[in-house]
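Written below as structure tokens is the structure these notes are about.
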Amino acid sequence: MEDQDRPDQPDRRRLLGSLLSTGATTALAGCASGGPLAPLPTGNKSVQGLKVPALNEVRIGMIGVGQRGGELAQTLGRIEGARITAIADTDPQAIDKTLGLISQARGTRPEVITGSSGAWERLIARTDVDAVFIATPWELHTPMAVAAMKSGKHVFVETPAALTVNEGWLLVDTAEATQRHCMMLESCCYGREEMMLLNMIRQGLFGELVHAEGAYFHDLRQQLKEVARGPGSWRTLRYTQHNGNLYPTHGLGPIAQYFNIQRGDRFEYLNSQSSNARGLAAYANRELPAGHPHARLPFITGDVNTSVIKCASGRTVLLQHDTSTPRPYSRLNTVVGTNGVFSGFPDRIAIEMMDGRKLMTPTGGREASREWDTDMKPWFDRFDHPVWKQLGTQAQQGGAGGMDFVMLWRVIYNLRQGLPMDQDVYDAATWSAVLPLSCESVADRGNAKDFPDFTRGRWKASRPLGVMA
């Protein structure tokens with residue numbers, strides 16, 4: 001479904017309407033942005049640190065096997081203990097391509113469910129599916145995830161998990177009611193550099209962290225040319241509907257883990273500003289024929305969105321978004337501490353004290369903290385994350401520079417061991433909330449907008465999960 005025309009919008013309204021009427025949204029009223037803690041619905045239990053019975057084999061159902069879904073299917077086919085039992089999509093071309101990818105990965109042929117936009121509902125009803133992976137257009141993520149959890153399935157959903165704060169609450173309430181995993185598949189948390197940086201932080205290399213910077217800079221203007229299939233066939237319309245940070249989690253997810261967000265700290269509020277919206281219109285005017293469906297769209301998403309997040313601890317986060325200009329790819333991935341700084345794209349580091357002594361430049365002429373060290377090999381030799389050391393060669397078989405393989409390997413490993421996920425539903429809801437909150441702030445002259453406390457206060461006593469012990 002990811003690479004095809006969007007299913008009819010009334011179908012989503014029907015789905016959300018039925019879900020909202022089932023009692024899973026007690027927390028919605030009065031809790032859209034801060035305010036008093038939402039009451040825990042009767043019968044619900046927190047899913048922080050959720051452990052469920054271990055699965056000898058993880059039977060997977062995939063909803064949406066377009067571009068992203070196909071990549072996930074191919075990688076899952078290479079992971080021991082994972083078996084894709086069913087896929088659901090309405091695009092024959094996407095189905096055939098994904099079946100070929102699964103075959104290349106030596107996976108068994110799954111059952112194909114197709115023929116209507118309701119094919120996914122038949123998939124989640126199957127008894128040979130333990131976990132559902134969702135890679136569909138954004139507006140379908142929450143209703144599909146909620147329905148899957150209500151069917152007794154664990155859910156792993158592409159980013160963003162929710163488009164509104166209320167949808168975030170819906171995910172939280174449903175996960176708590178069903179005691180099922182609901183994890184957003186933020187693969188950037190599993191990049192080699194991000195995981196090495198997490199390892200450095202856990203070992204105290206940077207001292208006390210005070211600030212971080214993350215971003216999603218990715219020139220996606222060519223997606224305007226996609227009409228029949230491809231993310232541009234549905235994502236392009238988002239640029240006409242929202243003015244804020246449309247895709248925050250690639251840069252924010254790793255930072256949330258560095259800062260132990262939801263596990264000792266939390267995001268309290270953000271302020272957001274957007275630049276003019278010029279890049280997409282200029283590209284469309286230059287590259288698209290006059291009759292193209294996207295040639296004259298009224299784009300409103302500012303080319304560059306800048307948001308600043310304040311944490312309960314006093315730390316700050318600078319978060320940016322730009323998919324509309326020719327800027328080279330970057331996620332910034334920067335942390336600032338009392339003992340040093342790391343910044344990505346390209347990787348560089350400056351450390352003041354290490355092993356009890358002040359670091360000097362190789363020539364001994366200046367303090368190392370006054371110059372960037374761009375030779376990362378010695379740092380990787382010492383601080384490379386244990387999981388990357390274990391999976392490095394295998395990881396390169398997966399997409400996104402190995403991030404996908406490490407992420408999916410962790411998901412399957414944790415399910416087979418009965419361990420908590422590295423990210424939970426509270427993370428999914430909080431990280432996704434940047435989209436609606438940034439839009440609210442931009443529309444309100446950059447004034448602060450509060451993050452809901454999706455944990456209902458439990459973040460204060462929750463210990464960091466620690467991505468892979």
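Please note that chains go A, B, ... in the order of the structure tokens, that every chain numbers its residues from 1, and that ligands are numbered from 1 in the order shown.
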Residue list (helix (DSSP H, G or I), DSSP) for segment 342-415 of chain A, as a ChimeraX atom specification: /A:368-370,377-383,386-395,400-415
Can I get the selection written as a CSV table (one decimal), in the first residue's frame, with N, CA and C atoms?
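And here is the file that came out, result-v8.csv:
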```csv
chain,number,residue,atom,x,y,z
A,368,ALA,N,43.0,19.1,22.8
A,368,ALA,CA,42.3,18.4,21.8
A,368,ALA,C,40.8,19.0,21.7
A,369,SER,N,40.3,19.5,22.8
A,369,SER,CA,38.9,20.0,22.8
A,369,SER,C,38.8,21.2,22.0
A,370,ARG,N,39.9,21.9,21.5
A,370,ARG,CA,39.8,23.1,20.7
A,370,ARG,C,39.8,22.8,19.2
A,377,LYS,N,38.5,6.1,13.5
A,377,LYS,CA,38.9,4.7,13.7
A,377,LYS,C,39.3,4.4,15.1
A,378,PRO,N,40.2,5.1,15.8
A,378,PRO,CA,40.5,4.8,17.2
A,378,PRO,C,39.3,4.8,18.1
A,379,TRP,N,38.3,5.7,17.8
A,379,TRP,CA,37.1,5.8,18.6
A,379,TRP,C,36.2,4.6,18.4
A,380,PHE,N,36.1,4.1,17.2
A,380,PHE,CA,35.3,2.9,16.9
A,380,PHE,C,36.0,1.7,17.5
A,381,ASP,N,37.3,1.7,17.4
A,381,ASP,CA,38.0,0.5,18.0
A,381,ASP,C,37.7,0.4,19.5
A,382,ARG,N,37.6,1.5,20.2
A,382,ARG,CA,37.3,1.4,21.6
A,382,ARG,C,35.9,1.4,22.0
A,383,PHE,N,35.0,2.1,21.2
A,383,PHE,CA,33.6,2.3,21.7
A,383,PHE,C,32.6,1.8,20.8
A,386,PRO,N,28.7,-3.2,21.2
A,386,PRO,CA,28.8,-4.6,21.1
A,386,PRO,C,27.9,-5.3,20.1
A,387,VAL,N,26.7,-4.8,19.9
A,387,VAL,CA,25.8,-5.4,18.9
A,387,VAL,C,26.4,-5.3,17.5
A,388,TRP,N,26.9,-4.1,17.2
A,388,TRP,CA,27.5,-3.9,15.9
A,388,TRP,C,28.8,-4.7,15.7
A,389,LYS,N,29.5,-4.9,16.8
A,389,LYS,CA,30.7,-5.8,16.7
A,389,LYS,C,30.2,-7.2,16.4
A,390,GLN,N,29.1,-7.6,17.0
A,390,GLN,CA,28.6,-9.0,16.8
A,390,GLN,C,27.9,-9.1,15.4
A,391,LEU,N,27.2,-8.1,14.9
A,391,LEU,CA,26.4,-8.3,13.7
A,391,LEU,C,27.0,-7.5,12.5
A,392,GLY,N,28.1,-6.8,12.7
A,392,GLY,CA,28.5,-5.9,11.6
A,392,GLY,C,28.5,-6.5,10.2
A,393,THR,N,29.1,-7.7,10.0
A,393,THR,CA,29.1,-8.3,8.7
A,393,THR,C,27.7,-8.6,8.2
A,394,GLN,N,26.9,-9.2,9.1
A,394,GLN,CA,25.6,-9.6,8.7
A,394,GLN,C,24.7,-8.3,8.4
A,395,ALA,N,25.0,-7.3,9.3
A,395,ALA,CA,24.2,-6.1,9.2
A,395,ALA,C,24.2,-5.5,7.8
A,400,ALA,N,19.7,0.6,4.5
A,400,ALA,CA,20.0,1.8,5.2
A,400,ALA,C,21.3,1.6,6.0
A,401,GLY,N,22.3,1.1,5.3
A,401,GLY,CA,23.6,1.0,5.9
A,401,GLY,C,23.7,0.0,7.0
A,402,GLY,N,22.8,-0.9,7.1
A,402,GLY,CA,22.8,-1.9,8.2
A,402,GLY,C,21.9,-1.6,9.3
A,403,MET,N,21.3,-0.4,9.3
A,403,MET,CA,20.4,0.0,10.4
A,403,MET,C,19.2,-1.0,10.5
A,404,ASP,N,18.6,-1.2,9.3
A,404,ASP,CA,17.4,-2.1,9.3
A,404,ASP,C,17.7,-3.4,9.8
A,405,PHE,N,18.8,-4.0,9.5
A,405,PHE,CA,19.1,-5.4,9.9
A,405,PHE,C,19.2,-5.4,11.5
A,406,VAL,N,20.0,-4.5,12.0
A,406,VAL,CA,20.2,-4.4,13.4
A,406,VAL,C,18.9,-4.2,14.2
A,407,MET,N,18.1,-3.3,13.7
A,407,MET,CA,16.8,-3.0,14.3
A,407,MET,C,15.9,-4.3,14.3
A,408,LEU,N,15.8,-4.9,13.1
A,408,LEU,CA,14.9,-6.0,13.0
A,408,LEU,C,15.4,-7.2,13.8
A,409,TRP,N,16.7,-7.4,13.8
A,409,TRP,CA,17.3,-8.5,14.6
A,409,TRP,C,17.0,-8.3,16.0
A,410,ARG,N,17.1,-7.0,16.5
A,410,ARG,CA,16.7,-6.8,17.9
A,410,ARG,C,15.3,-7.1,18.2
A,411,VAL,N,14.4,-6.7,17.3
A,411,VAL,CA,13.0,-7.0,17.5
A,411,VAL,C,12.7,-8.5,17.6
A,412,ILE,N,13.3,-9.2,16.7
A,412,ILE,CA,13.1,-10.7,16.7
A,412,ILE,C,13.7,-11.3,17.9
A,413,TYR,N,14.9,-10.9,18.2
A,413,TYR,CA,15.7,-11.5,19.4
A,413,TYR,C,14.9,-11.2,20.6
A,414,ASN,N,14.4,-10.0,20.8
A,414,ASN,CA,13.6,-9.7,22.1
A,414,ASN,C,12.3,-10.5,22.2
A,415,LEU,N,11.6,-10.6,21.0
A,415,LEU,CA,10.4,-11.4,21.0
A,415,LEU,C,10.7,-12.9,21.4
```
For segment 64-78 of chain A, please output as number ranges by chain all residues within 9 Å (counting only C-alpha atoms; exclusion window: fewer than 4 positions along the same chain). A: 1-4, 82-84, 87-91, 93-95, 97-108, 120, 133-137, 158, 229-231, 397-399, 404-405, 408-409, 412
Quick one: contact table of segment 91-210 of chain A to segment 232-255 of chain A, 9 Å max, nearest atom pair and distance in Å to one decimal per residue, counting only C-alpha atoms, chain and number order, as a tab-separated table?
```
residue	atom	partner	partner_atom	distance
A:Pro137	CA	A:Trp234	CA	7.0
A:Trp138	CA	A:Arg235	CA	8.3
A:Thr159	CA	A:Thr249	CA	7.2
A:Pro160	CA	A:Tyr247	CA	7.1
A:Glu186	CA	A:His250	CA	6.6
A:Ser187	CA	A:His250	CA	7.7
A:Cys188	CA	A:His250	CA	5.6
A:Cys189	CA	A:Pro254	CA	4.8
A:Tyr190	CA	A:Pro254	CA	8.2
A:Glu194	CA	A:Pro254	CA	6.6
A:Met195	CA	A:Pro254	CA	8.4
A:Leu198	CA	A:Pro254	CA	8.1
```
Proximity to Pro346 of chain A - best of A:Thr374, A:Thr455, A:Asn199, A:Asn44, only C-alpha atoms: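 Nearest candidate to Pro346 of chain A out of A:Thr374, A:Thr455, A:Asn199, A:Asn44: A:Thr374.
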DSSP strand (DSSP E or B) selection over segment 104-236 of chain A, as a list in words: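 Residues meeting the strand (DSSP E or B) criterion: Glu111, Val112, Ile113, Ala131, Val132, Phe133, Ile134, His154, Val155, Phe156, Val157, Cys182, Met183, Met184, Leu209, Val210, His211, Ala212, Glu213, Gly214, Ala215, Tyr216 and Phe217 of chain A.
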So that I can see what lies close to Phe345 of chain A, please list as a PyMOL selection string the residues with an atom at most 9 Å from it, counting only C-alpha atoms and leaving out residues fewer than 3 positions away in the same chain. chain A and resi 329-333+348
Could you jot down the atom CA of Met62 of chain A to atom CA of Ala86 of chain A separation for me, Å, one decimal place?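 These atoms are spaced 6.4 Å apart.
Compared by their closest atoms to Met183 of chain A, and using only C-alpha atoms, the residues A:Met196, A:Ala281, A:Ala428, A:Leu359 rank with A:Ala428 nearest.
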Any idea what the distance is between atom CA of Ser432 of chain A and atom CA of Leu163 of chain A? 6.8 Å
